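This is protein14.pdb (PDB, C-alpha atoms and all ligand atoms).
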MODEL        1
ATOM      1  CA  MET A   1     105.454 133.708  69.375
ATOM      2  CA  PRO A   2     103.653 134.525  72.651
ATOM      3  CA  ASN A   3     103.485 131.836  75.275
ATOM      4  CA  ASN A   4     100.304 130.556  76.803
ATOM      5  CA  GLU A   5     100.883 130.083  80.520
ATOM      6  CA  ASP A   6      97.640 128.184  80.880
ATOM      7  CA  THR A   7      98.190 125.277  78.526
ATOM      8  CA  PHE A   8     100.453 122.231  78.378
ATOM      9  CA  LEU A   9     101.225 119.683  75.721
ATOM     10  CA  ALA A  10     101.001 115.994  76.541
ATOM     11  CA  LEU A  11     102.338 113.051  74.616
ATOM     12  CA  ASP A  12     101.961 109.342  75.306
ATOM     13  CA  ILE A  13     104.086 107.171  73.051
ATOM     14  CA  GLY A  14     102.887 103.578  72.998
ATOM     15  CA  GLY A  15     103.847 100.560  70.936
ATOM     16  CA  THR A  16     100.432 100.615  69.211
ATOM     17  CA  ASN A  17      99.283 104.246  69.298
ATOM     18  CA  VAL A  18     100.708 107.673  69.924
ATOM     19  CA  LYS A  19      98.323 109.897  71.856
ATOM     20  CA  SER A  20      98.726 113.634  72.159
ATOM     21  CA  GLY A  21      96.766 116.474  73.599
ATOM     22  CA  LEU A  22      96.637 120.146  74.376
ATOM     23  CA  ILE A  23      95.445 120.479  77.962
ATOM     24  CA  GLY A  24      94.697 123.047  80.615
ATOM     25  CA  ARG A  25      96.557 123.252  83.937
ATOM     26  CA  GLY A  26      93.864 121.179  85.663
ATOM     27  CA  GLY A  27      94.073 118.464  83.021
ATOM     28  CA  GLU A  28      91.099 119.716  80.985
ATOM     29  CA  ILE A  29      91.478 118.345  77.477
ATOM     30  CA  ILE A  30      91.332 121.068  74.828
ATOM     31  CA  THR A  31      92.210 118.696  71.970
ATOM     32  CA  PHE A  32      93.064 115.029  71.916
ATOM     33  CA  GLU A  33      94.529 113.054  69.051
ATOM     34  CA  SER A  34      95.639 109.475  68.530
ATOM     35  CA  PHE A  35      97.402 107.875  65.579
ATOM     36  CA  PRO A  36      98.978 104.447  64.993
ATOM     37  CA  THR A  37     102.660 104.334  65.951
ATOM     38  CA  SER A  38     103.329 102.397  62.741
ATOM     39  CA  GLU A  39     102.261 105.490  60.745
ATOM     40  CA  GLY A  40     105.536 107.086  61.777
ATOM     41  CA  GLY A  41     107.829 104.441  60.246
ATOM     42  CA  GLY A  42     111.308 104.534  61.815
ATOM     43  CA  VAL A  43     112.460 106.472  64.871
ATOM     44  CA  GLU A  44     113.396 109.713  63.094
ATOM     45  CA  THR A  45     110.310 109.858  60.892
ATOM     46  CA  LEU A  46     108.094 109.066  63.891
ATOM     47  CA  ILE A  47     109.631 111.919  65.879
ATOM     48  CA  ALA A  48     109.243 114.286  62.923
ATOM     49  CA  LEU A  49     105.587 113.276  62.634
ATOM     50  CA  ILE A  50     105.016 113.808  66.374
ATOM     51  CA  VAL A  51     106.618 117.270  66.207
ATOM     52  CA  ARG A  52     104.377 118.189  63.277
ATOM     53  CA  LYS A  53     101.225 116.917  65.058
ATOM     54  CA  LEU A  54     102.077 118.773  68.295
ATOM     55  CA  THR A  55     102.769 121.980  66.385
ATOM     56  CA  GLU A  56      99.406 121.605  64.650
ATOM     57  CA  LEU A  57      97.720 121.217  68.044
ATOM     58  CA  TRP A  58      98.824 124.585  69.303
ATOM     59  CA  ASN A  59      98.447 126.315  65.951
ATOM     60  CA  GLY A  60      94.869 125.061  65.777
ATOM     61  CA  ALA A  61      93.111 124.850  69.132
ATOM     62  CA  GLY A  62      95.958 126.696  70.863
ATOM     63  CA  LYS A  63      95.466 129.663  68.505
ATOM     64  CA  GLY A  64      99.200 129.833  67.854
ATOM     65  CA  ARG A  65     100.126 130.525  71.468
ATOM     66  CA  LYS A  66     102.908 128.244  72.593
ATOM     67  CA  PRO A  67     102.096 125.960  75.555
ATOM     68  CA  LYS A  68     104.184 126.286  78.702
ATOM     69  CA  ALA A  69     105.716 122.805  78.724
ATOM     70  CA  LEU A  70     105.479 119.289  77.368
ATOM     71  CA  ALA A  71     105.184 116.025  79.300
ATOM     72  CA  ILE A  72     106.138 112.837  77.502
ATOM     73  CA  GLY A  73     105.001 109.391  78.599
ATOM     74  CA  ALA A  74     107.023 106.451  77.314
ATOM     75  CA  PRO A  75     107.026 102.720  77.986
ATOM     76  CA  GLY A  76     109.979 100.500  78.804
ATOM     77  CA  TRP A  77     113.125 101.445  80.636
ATOM     78  CA  ILE A  78     113.621 105.200  80.952
ATOM     79  CA  ARG A  79     115.927 107.550  82.842
ATOM     80  CA  ARG A  80     113.404 110.215  83.633
ATOM     81  CA  ARG A  81     115.737 112.838  85.080
ATOM     82  CA  GLU A  82     117.982 112.760  82.033
ATOM     83  CA  GLY A  83     114.951 112.412  79.747
ATOM     84  CA  VAL A  84     116.320 109.337  78.019
ATOM     85  CA  VAL A  85     114.422 106.288  76.786
ATOM     86  CA  VAL A  86     117.047 103.611  77.446
ATOM     87  CA  MET A  87     115.122 100.768  75.877
ATOM     88  CA  ALA A  88     111.500 100.239  74.885
ATOM     89  CA  PRO A  89     110.785  96.676  73.717
ATOM     90  CA  ASN A  90     107.578  97.758  71.959
ATOM     91  CA  LEU A  91     109.165 100.704  70.127
ATOM     92  CA  ALA A  92     111.518  99.486  67.428
ATOM     93  CA  GLY A  93     114.844 101.319  67.407
ATOM     94  CA  TRP A  94     114.253 103.321  70.608
ATOM     95  CA  LYS A  95     117.560 102.852  72.363
ATOM     96  CA  ASP A  96     119.366 105.480  74.460
ATOM     97  CA  LEU A  97     117.149 108.112  72.876
ATOM     98  CA  PRO A  98     117.336 111.589  74.516
ATOM     99  CA  ILE A  99     113.682 112.231  73.759
ATOM    100  CA  THR A 100     113.178 115.283  75.993
ATOM    101  CA  ARG A 101     116.170 117.116  74.470
ATOM    102  CA  ILE A 102     114.992 116.293  70.953
ATOM    103  CA  MET A 103     111.410 117.403  71.592
ATOM    104  CA  SER A 104     112.413 120.428  73.615
ATOM    105  CA  GLU A 105     114.727 121.663  70.855
ATOM    106  CA  ALA A 106     112.213 120.944  68.101
ATOM    107  CA  LEU A 107     109.332 122.699  69.871
ATOM    108  CA  ASP A 108     111.310 125.283  71.844
ATOM    109  CA  ILE A 109     109.526 124.537  75.126
ATOM    110  CA  PRO A 110     110.661 122.669  78.266
ATOM    111  CA  ALA A 111     109.935 118.933  78.244
ATOM    112  CA  LEU A 112     109.796 116.221  80.907
ATOM    113  CA  LEU A 113     109.832 112.459  80.526
ATOM    114  CA  GLU A 114     107.816 110.093  82.666
ATOM    115  CA  ASN A 115     106.955 106.415  82.730
ATOM    116  CA  ASP A 116     103.654 105.933  80.863
ATOM    117  CA  ALA A 117     101.999 104.012  83.733
ATOM    118  CA  ASN A 118     102.913 106.817  86.141
ATOM    119  CA  LEU A 119     101.250 109.400  83.895
ATOM    120  CA  TYR A 120      98.221 107.128  83.649
ATOM    121  CA  ALA A 121      98.054 106.919  87.459
ATOM    122  CA  LEU A 122      98.325 110.706  87.784
ATOM    123  CA  GLY A 123      95.432 111.106  85.343
ATOM    124  CA  GLU A 124      93.143 108.712  87.235
ATOM    125  CA  TRP A 125      94.073 110.485  90.479
ATOM    126  CA  LEU A 126      93.496 113.995  89.090
ATOM    127  CA  GLN A 127      90.228 113.458  87.241
ATOM    128  CA  GLY A 128      89.376 109.781  87.036
ATOM    129  CA  ALA A 129      88.309 106.838  89.157
ATOM    130  CA  GLY A 130      90.841 107.583  91.885
ATOM    131  CA  LYS A 131      89.914 111.241  92.295
ATOM    132  CA  GLY A 132      89.944 112.311  95.935
ATOM    133  CA  CYS A 133      92.141 109.410  97.134
ATOM    134  CA  ASP A 134      95.627 110.659  97.955
ATOM    135  CA  ASN A 135      97.050 107.212  98.731
ATOM    136  CA  GLN A 136      96.374 104.903  95.848
ATOM    137  CA  ILE A 137      97.800 102.600  93.243
ATOM    138  CA  THR A 138      96.835 102.335  89.576
ATOM    139  CA  LEU A 139      97.469  99.213  87.517
ATOM    140  CA  THR A 140      97.462  99.195  83.723
ATOM    141  CA  LEU A 141      96.717  95.804  82.220
ATOM    142  CA  GLY A 142      98.224  95.671  78.740
ATOM    143  CA  THR A 143     101.122  93.773  77.196
ATOM    144  CA  GLY A 144     102.477  93.852  80.743
ATOM    145  CA  VAL A 145     101.085  95.167  84.019
ATOM    146  CA  GLY A 146     102.218  98.720  84.677
ATOM    147  CA  GLY A 147     101.783 100.547  87.936
ATOM    148  CA  GLY A 148     101.760 104.038  89.345
ATOM    149  CA  LEU A 149     101.788 104.820  93.036
ATOM    150  CA  ILE A 150     100.405 108.045  94.515
ATOM    151  CA  LEU A 151     101.315 108.704  98.150
ATOM    152  CA  GLU A 152     100.101 111.801 100.000
ATOM    153  CA  GLY A 153      98.910 113.217  96.706
ATOM    154  CA  ARG A 154     102.254 112.906  94.914
ATOM    155  CA  LEU A 155     103.696 110.417  92.517
ATOM    156  CA  TRP A 156     106.097 108.113  94.354
ATOM    157  CA  GLU A 157     109.188 107.453  92.225
ATOM    158  CA  GLY A 158     111.443 105.737  94.771
ATOM    159  CA  SER A 159     115.227 105.957  95.064
ATOM    160  CA  PHE A 160     115.863 104.850  91.506
ATOM    161  CA  THR A 161     112.766 106.486  89.961
ATOM    162  CA  SER A 162     111.447 103.032  89.166
ATOM    163  CA  ALA A 163     108.796 102.448  91.841
ATOM    164  CA  ALA A 164     105.545 100.545  91.358
ATOM    165  CA  GLU A 165     106.792  97.887  88.953
ATOM    166  CA  VAL A 166     103.860  95.836  90.167
ATOM    167  CA  GLY A 167     103.881  93.581  87.115
ATOM    168  CA  HIS A 168     107.061  91.949  88.391
ATOM    169  CA  ILE A 169     105.978  91.462  91.981
ATOM    170  CA  PRO A 170     106.451  87.711  92.476
ATOM    171  CA  LEU A 171     103.589  85.547  93.652
ATOM    172  CA  GLY A 172     104.445  82.168  95.159
ATOM    173  CA  ASN A 173     101.460  80.437  93.614
ATOM    174  CA  VAL A 174     102.161  81.553  90.038
ATOM    175  CA  ASP A 175     104.145  79.006  88.075
ATOM    176  CA  ARG A 176     104.607  80.771  84.759
ATOM    177  CA  ILE A 177     107.703  82.395  83.245
ATOM    178  CA  CYS A 178     107.352  86.147  82.700
ATOM    179  CA  GLY A 179     108.534  88.092  79.676
ATOM    180  CA  CYS A 180     111.334  89.360  81.939
ATOM    181  CA  GLY A 181     112.614  85.795  82.328
ATOM    182  CA  ARG A 182     111.707  85.433  86.007
ATOM    183  CA  LYS A 183     109.172  82.996  87.384
ATOM    184  CA  GLY A 184     105.987  83.941  89.203
ATOM    185  CA  CYS A 185     105.573  87.602  88.152
ATOM    186  CA  LEU A 186     102.035  89.005  88.452
ATOM    187  CA  GLU A 187     101.980  90.068  84.800
ATOM    188  CA  SER A 188     102.510  86.538  83.527
ATOM    189  CA  VAL A 189      98.878  85.865  84.532
ATOM    190  CA  ALA A 190      97.218  89.270  84.905
ATOM    191  CA  SER A 191      98.350  91.280  81.862
ATOM    192  CA  ALA A 192      96.150  91.198  78.771
ATOM    193  CA  SER A 193      98.742  89.024  77.049
ATOM    194  CA  GLY A 194      99.164  86.828  80.153
ATOM    195  CA  MET A 195      95.417  86.186  80.261
ATOM    196  CA  ALA A 196      95.394  85.236  76.562
ATOM    197  CA  ALA A 197      98.342  82.897  77.190
ATOM    198  CA  LEU A 198      96.477  81.216  80.065
ATOM    199  CA  ALA A 199      93.498  80.695  77.759
ATOM    200  CA  ARG A 200      95.719  79.129  75.100
ATOM    201  CA  GLU A 201      97.135  76.759  77.721
ATOM    202  CA  TRP A 202      93.569  75.837  78.696
ATOM    203  CA  ILE A 203      92.803  74.959  75.065
ATOM    204  CA  ALA A 204      96.079  73.027  74.671
ATOM    205  CA  GLU A 205      95.081  70.944  77.693
ATOM    206  CA  GLY A 206      91.858  70.024  75.866
ATOM    207  CA  ARG A 207      89.578  71.611  78.455
ATOM    208  CA  GLY A 208      86.079  72.747  77.531
ATOM    209  CA  THR A 209      85.481  76.155  75.971
ATOM    210  CA  LEU A 210      83.008  77.878  73.690
ATOM    211  CA  TYR A 211      85.936  79.237  71.664
ATOM    212  CA  GLY A 212      86.191  77.574  68.275
ATOM    213  CA  GLY A 213      88.752  79.772  66.512
ATOM    214  CA  ASP A 214      92.516  79.626  66.177
ATOM    215  CA  PRO A 215      94.065  79.840  69.678
ATOM    216  CA  LYS A 216      96.650  82.351  68.472
ATOM    217  CA  ASP A 217      93.870  84.809  67.607
ATOM    218  CA  LEU A 218      92.583  84.832  71.191
ATOM    219  CA  ASP A 219      92.720  88.136  73.022
ATOM    220  CA  THR A 220      90.963  89.606  76.039
ATOM    221  CA  LEU A 221      88.345  91.241  73.805
ATOM    222  CA  ALA A 222      87.308  87.850  72.398
ATOM    223  CA  MET A 223      87.435  86.373  75.903
ATOM    224  CA  LEU A 224      85.205  89.155  77.184
ATOM    225  CA  ASP A 225      82.593  88.285  74.585
ATOM    226  CA  LEU A 226      82.929  84.576  75.442
ATOM    227  CA  ALA A 227      82.627  85.249  79.167
ATOM    228  CA  GLY A 228      79.330  87.019  78.501
ATOM    229  CA  ARG A 229      78.094  83.753  77.009
ATOM    230  CA  GLY A 230      79.230  81.731  80.024
ATOM    231  CA  ASP A 231      82.453  80.325  78.579
ATOM    232  CA  PRO A 232      84.156  78.341  81.391
ATOM    233  CA  MET A 233      87.660  79.071  80.055
ATOM    234  CA  SER A 234      87.321  82.848  79.929
ATOM    235  CA  LEU A 235      85.563  82.990  83.289
ATOM    236  CA  ALA A 236      88.267  80.836  84.930
ATOM    237  CA  VAL A 237      91.107  82.881  83.435
ATOM    238  CA  PHE A 238      89.571  86.195  84.537
ATOM    239  CA  ARG A 239      89.024  84.739  88.003
ATOM    240  CA  GLN A 240      92.660  83.564  88.168
ATOM    241  CA  ALA A 241      93.938  86.957  87.005
ATOM    242  CA  GLY A 242      91.695  88.669  89.551
ATOM    243  CA  GLU A 243      92.957  86.511  92.402
ATOM    244  CA  ALA A 244      96.586  87.192  91.424
ATOM    245  CA  ILE A 245      95.873  90.937  91.471
ATOM    246  CA  GLY A 246      94.140  90.442  94.840
ATOM    247  CA  TYR A 247      97.240  88.856  96.385
ATOM    248  CA  MET A 248      99.477  91.605  95.055
ATOM    249  CA  LEU A 249      97.117  94.339  96.258
ATOM    250  CA  ALA A 250      96.825  92.759  99.713
ATOM    251  CA  GLY A 251     100.591  93.060 100.107
ATOM    252  CA  VAL A 252     100.685  96.618  98.803
ATOM    253  CA  PHE A 253      97.665  97.804 100.827
ATOM    254  CA  ASN A 254      99.077  96.225 103.980
ATOM    255  CA  LEU A 255     102.457  97.857 103.385
ATOM    256  CA  LEU A 256     101.201 101.344 102.585
ATOM    257  CA  SER A 257      97.684 101.650 104.028
ATOM    258  CA  LEU A 258      96.254 102.720 100.693
ATOM    259  CA  GLU A 259      92.631 103.651 100.217
ATOM    260  CA  ALA A 260      92.148 102.882  96.535
ATOM    261  CA  ALA A 261      93.299 100.743  93.643
ATOM    262  CA  VAL A 262      92.386 101.729  90.101
ATOM    263  CA  ILE A 263      92.496  99.048  87.400
ATOM    264  CA  GLY A 264      93.028 100.493  83.932
ATOM    265  CA  GLY A 265      94.524  99.589  80.560
ATOM    266  CA  GLY A 266      93.058  97.465  77.766
ATOM    267  CA  GLY A 267      92.676  94.353  79.942
ATOM    268  CA  SER A 268      90.484  96.235  82.399
ATOM    269  CA  GLY A 269      87.547  95.674  80.031
ATOM    270  CA  ALA A 270      87.249  92.404  81.963
ATOM    271  CA  PHE A 271      87.156  94.237  85.309
ATOM    272  CA  ASP A 272      83.658  93.034  86.190
ATOM    273  CA  TYR A 273      84.796  89.433  85.763
ATOM    274  CA  MET A 274      88.056  89.949  87.668
ATOM    275  CA  ALA A 275      86.617  91.979  90.534
ATOM    276  CA  PRO A 276      85.117  89.047  92.502
ATOM    277  CA  GLY A 277      88.535  87.308  92.567
ATOM    278  CA  ILE A 278      90.331  90.548  93.497
ATOM    279  CA  LEU A 279      87.910  91.395  96.309
ATOM    280  CA  ASP A 280      87.706  87.850  97.626
ATOM    281  CA  ILE A 281      91.470  87.587  98.136
ATOM    282  CA  LEU A 282      91.927  91.181  99.271
ATOM    283  CA  SER A 283      89.149  90.890 101.873
ATOM    284  CA  ARG A 284      90.785  87.796 103.339
ATOM    285  CA  HIS A 285      94.258  89.333 103.610
ATOM    286  CA  ILE A 286      93.918  93.072 104.209
ATOM    287  CA  VAL A 287      94.626  94.170 107.791
ATOM    288  CA  THR A 288      95.158  97.921 107.364
ATOM    289  CA  ALA A 289      91.533  98.883 106.675
ATOM    290  CA  SER A 290      88.110  97.353 106.445
ATOM    291  CA  MET A 291      86.755  96.646 102.991
ATOM    292  CA  ASN A 292      84.158  99.408 103.257
ATOM    293  CA  GLN A 293      86.967 101.950 103.783
ATOM    294  CA  ILE A 294      88.747 101.124 100.546
ATOM    295  CA  ARG A 295      87.902 101.160  96.851
ATOM    296  CA  VAL A 296      88.933  98.871  94.022
ATOM    297  CA  VAL A 297      87.592 100.437  90.864
ATOM    298  CA  LYS A 298      87.883 100.298  87.115
ATOM    299  CA  GLY A 299      89.766 103.182  85.516
ATOM    300  CA  ALA A 300      87.533 105.874  84.068
ATOM    301  CA  LEU A 301      89.715 107.672  81.537
ATOM    302  CA  GLU A 302      91.164 104.938  79.306
ATOM    303  CA  ASP A 303      93.703 106.266  76.794
ATOM    304  CA  LYS A 304      93.130 109.864  77.900
ATOM    305  CA  ALA A 305      94.460 109.113  81.406
ATOM    306  CA  PRO A 306      98.166 109.762  80.601
ATOM    307  CA  ILE A 307      97.295 112.949  78.714
ATOM    308  CA  ILE A 308      95.319 114.310  81.678
ATOM    309  CA  GLY A 309      98.028 113.067  84.072
ATOM    310  CA  ALA A 310     100.583 115.223  82.250
ATOM    311  CA  ALA A 311      99.014 118.294  83.876
ATOM    312  CA  ALA A 312      99.544 116.845  87.364
ATOM    313  CA  LEU A 313     103.165 116.023  86.578
ATOM    314  CA  LEU A 314     103.991 119.423  85.087
ATOM    315  CA  THR A 315     102.314 121.444  87.844
ATOM    316  CA  SER A 316     104.013 119.338  90.530
ATOM    317  CA  GLU A 317     107.349 120.139  88.856
ATOM    318  CA  GLY A 318     106.653 123.857  89.095
ATOM    319  CA  PHE A 319     105.423 124.618  85.573
TER
HETATM  320 ZN    ZN A 401     108.548  89.703  85.266
ENDMDL
END

Show the structure stored in the file as structure tokens.
Ligand SMILES: [Zn+2]
Amino acid sequence: MPNNEDTFLALDIGGTNVKSGLIGRGGEIITFESFPTSEGGGVETLIALIVRKLTELWNGAGKGRKPKALAIGAPGWIRRREGVVVMAPNLAGWKDLPITRIMSEALDIPALLENDANLYALGEWLQGAGKGCDNQITLTLGTGVGGGLILEGRLWEGSFTSAAEVGHIPLGNVDRICGCGRKGCLESVASASGMAALAREWIAEGRGTLYGGDPKDLDTLAMLDLAGRGDPMSLAVFRQAGEAIGYMLAGVFNLLSLEAAVIGGGGSGAFDYMAPGILDILSRHIVTASMNQIRVVKGALEDKAPIIGAAALLTSEGF
């Protein structure tokens, strides 16, 4: 089968959905597909399904010409250089899984593994809201708060390839216990699930809200709707989340002299409600630039960001 030097495959394996795409070298999406992770069943059947879907991508839109390489985004704890998913709390059964070897053998093309938030950040930098800013951070607000740091136009991995774990940056004024067991982590108040938990606490304290449903059904989508109707609970929670992000960003901007922060992920639907809190705190604490020199913006690519980011990763690795 002839190879196609101009296309890549991209895969983003999430706890809820698996996204895949055939893309050009500049991140142009040729085809994009998403299916529920649960459709795959167990680990082996999920991998078999992914292999079949990726093969269909290049047999269809790729006209049977094999892409040059595959980039895989995965959540949780990974060893990117070895291509192993060590543990992914949201992917049942994914433990010490050599995913790049498995995919590379099944598809007969080279494969690389990357943290999903890093791929997301690369996508927003290449084509999205952070385009043109070579020193920037992207946050993804989901079950946790992921982060990806771009410095001088390259992904910054750090000594242990685990940089930008912004969700676990501790904030002295946060009093909640994080999913990681530590106290004060940013994501305990600023992730989509952290914001819903804050709202449930508000209800448990008997404070006023327009929400009349079961507290356990609350999510940021419902809160977004409520905020639009002036709900004091949702507005206060978004403000609190925004301020927490503002404190974290002030530290990171002051450390690295960044020019942009991109806020993506499902929770970023509430960006307009969080932005005043973010900007208020950041403007009071930033010393490395004036506010009109920097940008704090909502992500533009949503679930396509990691797929587009795959092109930046693969080209930077010489493919
Ligand atoms: Zn934590």

Evaluate the PyMOL selection byres (((chain A and resi 190-197) around 7) and not hetatm) on the structure here and hand back the selected residues as number ranges by chain. A: 141-145, 186-189, 198-201, 218-220, 237, 241, 244-245, 267

Got a sec to check which residues lie within 10 Å of ligand ZN 401 (chain A), using all atoms listed in the file, and send them as a compact mmCIF listing (two decimals) with C-alpha atoms, keeping the file's coordinate frame?
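The new file result20.txt reads:
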# COMPACT_ATOMS: atom_id res chain seq x y z
CA GLY A 144 102.48 93.85 80.74
CA VAL A 145 101.08 95.17 84.02
CA GLU A 165 106.79 97.89 88.95
CA VAL A 166 103.86 95.84 90.17
CA GLY A 167 103.88 93.58 87.12
CA HIS A 168 107.06 91.95 88.39
CA ILE A 169 105.98 91.46 91.98
CA PRO A 170 106.45 87.71 92.48
CA ARG A 176 104.61 80.77 84.76
CA ILE A 177 107.70 82.40 83.24
CA CYS A 178 107.35 86.15 82.70
CA GLY A 179 108.53 88.09 79.68
CA CYS A 180 111.33 89.36 81.94
CA GLY A 181 112.61 85.80 82.33
CA ARG A 182 111.71 85.43 86.01
CA LYS A 183 109.17 83.00 87.38
CA GLY A 184 105.99 83.94 89.20
CA CYS A 185 105.57 87.60 88.15
CA LEU A 186 102.04 89.00 88.45
CA GLU A 187 101.98 90.07 84.80
CA SER A 188 102.51 86.54 83.53

When the PyMOL selection byres (((chain A and resi 135) around 10) and not hetatm) is applied to the file above, which residues end up in the set, as a list in words?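 This file gives the following for the PyMOL selection byres (((chain A and resi 135) around 10) and not hetatm): Trp125, Gly130, Gly132, Cys133, Asp134, Gln136, Ile137, Leu149, Ile150, Leu151, Glu152, Gly153, Arg154, Leu155, Phe253, Leu256, Ser257, Leu258, Glu259, Ala260 and Ala261 of chain A.
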
Give me a file of those residues, with C-alpha atoms, as a short mmCIF file (atom, residue, chain, number, x, y, z; two decimals), in the coordinates of the input.
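File selection15.cif, as written:
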data_model
loop_
_atom_site.label_atom_id
_atom_site.label_comp_id
_atom_site.auth_asym_id
_atom_site.auth_seq_id
_atom_site.Cartn_x
_atom_site.Cartn_y
_atom_site.Cartn_z
CA TRP A 125 94.07 110.48 90.48
CA GLY A 130 90.84 107.58 91.88
CA GLY A 132 89.94 112.31 95.94
CA CYS A 133 92.14 109.41 97.13
CA ASP A 134 95.63 110.66 97.96
CA GLN A 136 96.37 104.90 95.85
CA ILE A 137 97.80 102.60 93.24
CA LEU A 149 101.79 104.82 93.04
CA ILE A 150 100.40 108.04 94.52
CA LEU A 151 101.32 108.70 98.15
CA GLU A 152 100.10 111.80 100.00
CA GLY A 153 98.91 113.22 96.71
CA ARG A 154 102.25 112.91 94.91
CA LEU A 155 103.70 110.42 92.52
CA PHE A 253 97.66 97.80 100.83
CA LEU A 256 101.20 101.34 102.58
CA SER A 257 97.68 101.65 104.03
CA LEU A 258 96.25 102.72 100.69
CA GLU A 259 92.63 103.65 100.22
CA ALA A 260 92.15 102.88 96.54
CA ALA A 261 93.30 100.74 93.64
#

Suppose a student applies the PyMOL selection byres (((chain A and resi 235) around 12) and not hetatm) to this structure; what residues should they get, written as a ChimeraX atom specification? /A:195,198-199,202,208-210,220,223-234,236-242,270-277

I need the residue nearest A:Ile78 from this list: A:Asp280, A:Asp96, A:Glu44, A:Glu124. Use all atoms listed in the file for the distance.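 Checking each of A:Asp280, A:Asp96, A:Glu44, A:Glu124 against A:Ile78, counting all atoms listed in the file, the winner is A:Asp96.
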
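When only C-alpha atoms are used to measure the gap to A:Ala92, the shortest distance among A:Ser162, A:Asn292, A:Thr37, A:Ser316 belongs to A:Thr37.
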
So how far away is atom CA of A:Ile72 from atom CA of A:Phe8, in Å?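 Taking atom CA of A:Phe8 and atom CA of A:Ile72, their separation equals 11.0 Å.
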
Fewer than 2 positions away in the same chain doesn't count, so skip those; otherwise give me all residues within 8 Å of A:Val296, counting all atoms listed in the file, as a PyMOL selection string. chain A and resi 260-263+279+294+298

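Using all atoms listed in the file, the shortest contact distance between A:Leu112 and any of A:Val43, A:Val297, A:Leu49, A:Ala10 is found at A:Ala10.
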
Expected residue set, 7 Å radius at (115.3, 112.4, 76.6), only C-alpha atoms, as an MDAnalysis selection string: chainID A and resid 82:85 97:102 113

Atom CA of A:Leu9 to atom CA of A:Trp94, distance in Å rounded to a single decimal: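 A separation of 21.5 Å between them.
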
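You will find atom CA of A:Trp156 at 14.0 Å from atom CA of A:Gly309.
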
Please write out, as lines of an AutoDock Vina configuration file, where the centre of an axis-aligned box around all listed atoms of stretch 284-296 of chain A lies and how long its edges are, in Å to one decimal, after adding 8 Å on each side.
center_x = 89.7
center_y = 94.9
center_z = 100.9
size_x = 27.0
size_y = 30.2
size_z = 29.8

So, with all atoms listed in the file as the atoms that count, which of A:Lys63, A:Arg52, A:Lys216, A:Arg25 lies closest to A:Leu107?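 Looking at the shortest contact to A:Leu107, the residue is A:Arg52.
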
Contacts of A:Val51 at 12 Å (all atoms listed in the file; same-chain gap of 4+ positions) as a list in words: Leu9, Ala10, Leu11, Val18, Ser20, Gly40, Glu44, Thr45, Leu46, Ile47, Thr55, Glu56, Leu57, Trp58, Leu70, Ile99, Thr100, Ile102, Met103, Ser104, Glu105, Ala106, Leu107, Asp108 and Ile109 of chain A

Among the residues A:Ala204, A:Ala305, A:Leu314, A:Val252, the one that comes closest to A:Ile286 [using all atoms listed in the file]: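 Counting all atoms listed in the file, the residue closest to A:Ile286 is A:Val252.
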
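Minimum atom-to-atom distances from A:Ala300, A:Met291, A:Arg284, A:Glu243 to A:Asn173 were compared using all atoms listed in the file, and the lowest value belongs to A:Glu243.
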
Would you list the contacts of A:Ala121 as number ranges by chain, taking every protein, DNA or RNA residue within 6 Å and counting all atoms listed in the file, but skipping same-chain residues closer than 2 positions in sequence? A: 118-119, 123-124, 138, 148

Env of A:Ala310: 6 Å cut, atoms = all atoms listed in the file, seq-sep filter 2 positions within chain, self excluded. Answer as a VMD selection string. chain A and resid 10 71 307 to 308 312 to 313

Just need stretch 286-312 of chain A in a file, please: C-alpha atoms, as a compact mmCIF listing (two decimals), in the first residue's frame.
# COMPACT_ATOMS: atom_id res chain seq x y z
CA ILE A 286 0.42 40.26 37.11
CA VAL A 287 3.76 42.09 37.02
CA THR A 288 5.32 40.71 33.83
CA ALA A 289 3.07 42.51 31.33
CA SER A 290 0.24 44.97 31.21
CA MET A 291 -3.24 43.59 30.70
CA ASN A 292 -3.48 45.02 27.19
CA GLN A 293 -0.39 42.99 26.19
CA ILE A 294 -1.90 39.65 27.15
CA ARG A 295 -4.93 37.61 26.15
CA VAL A 296 -7.20 35.34 28.16
CA VAL A 297 -9.53 33.73 25.68
CA LYS A 298 -12.00 30.91 25.31
CA GLY A 299 -10.79 27.94 23.27
CA ALA A 300 -12.02 27.92 19.69
CA LEU A 301 -11.72 24.31 18.58
CA GLU A 302 -13.51 22.27 21.27
CA ASP A 303 -13.17 18.51 20.74
CA LYS A 304 -11.28 18.99 17.47
CA ALA A 305 -8.38 20.70 19.28
CA PRO A 306 -6.45 17.49 20.13
CA ILE A 307 -6.96 16.13 16.61
CA ILE A 308 -5.55 19.31 15.05
CA GLY A 309 -2.79 19.40 17.70
CA ALA A 310 -1.63 15.96 16.55
CA ALA A 311 -0.19 17.59 13.42
CA ALA A 312 1.94 19.97 15.51
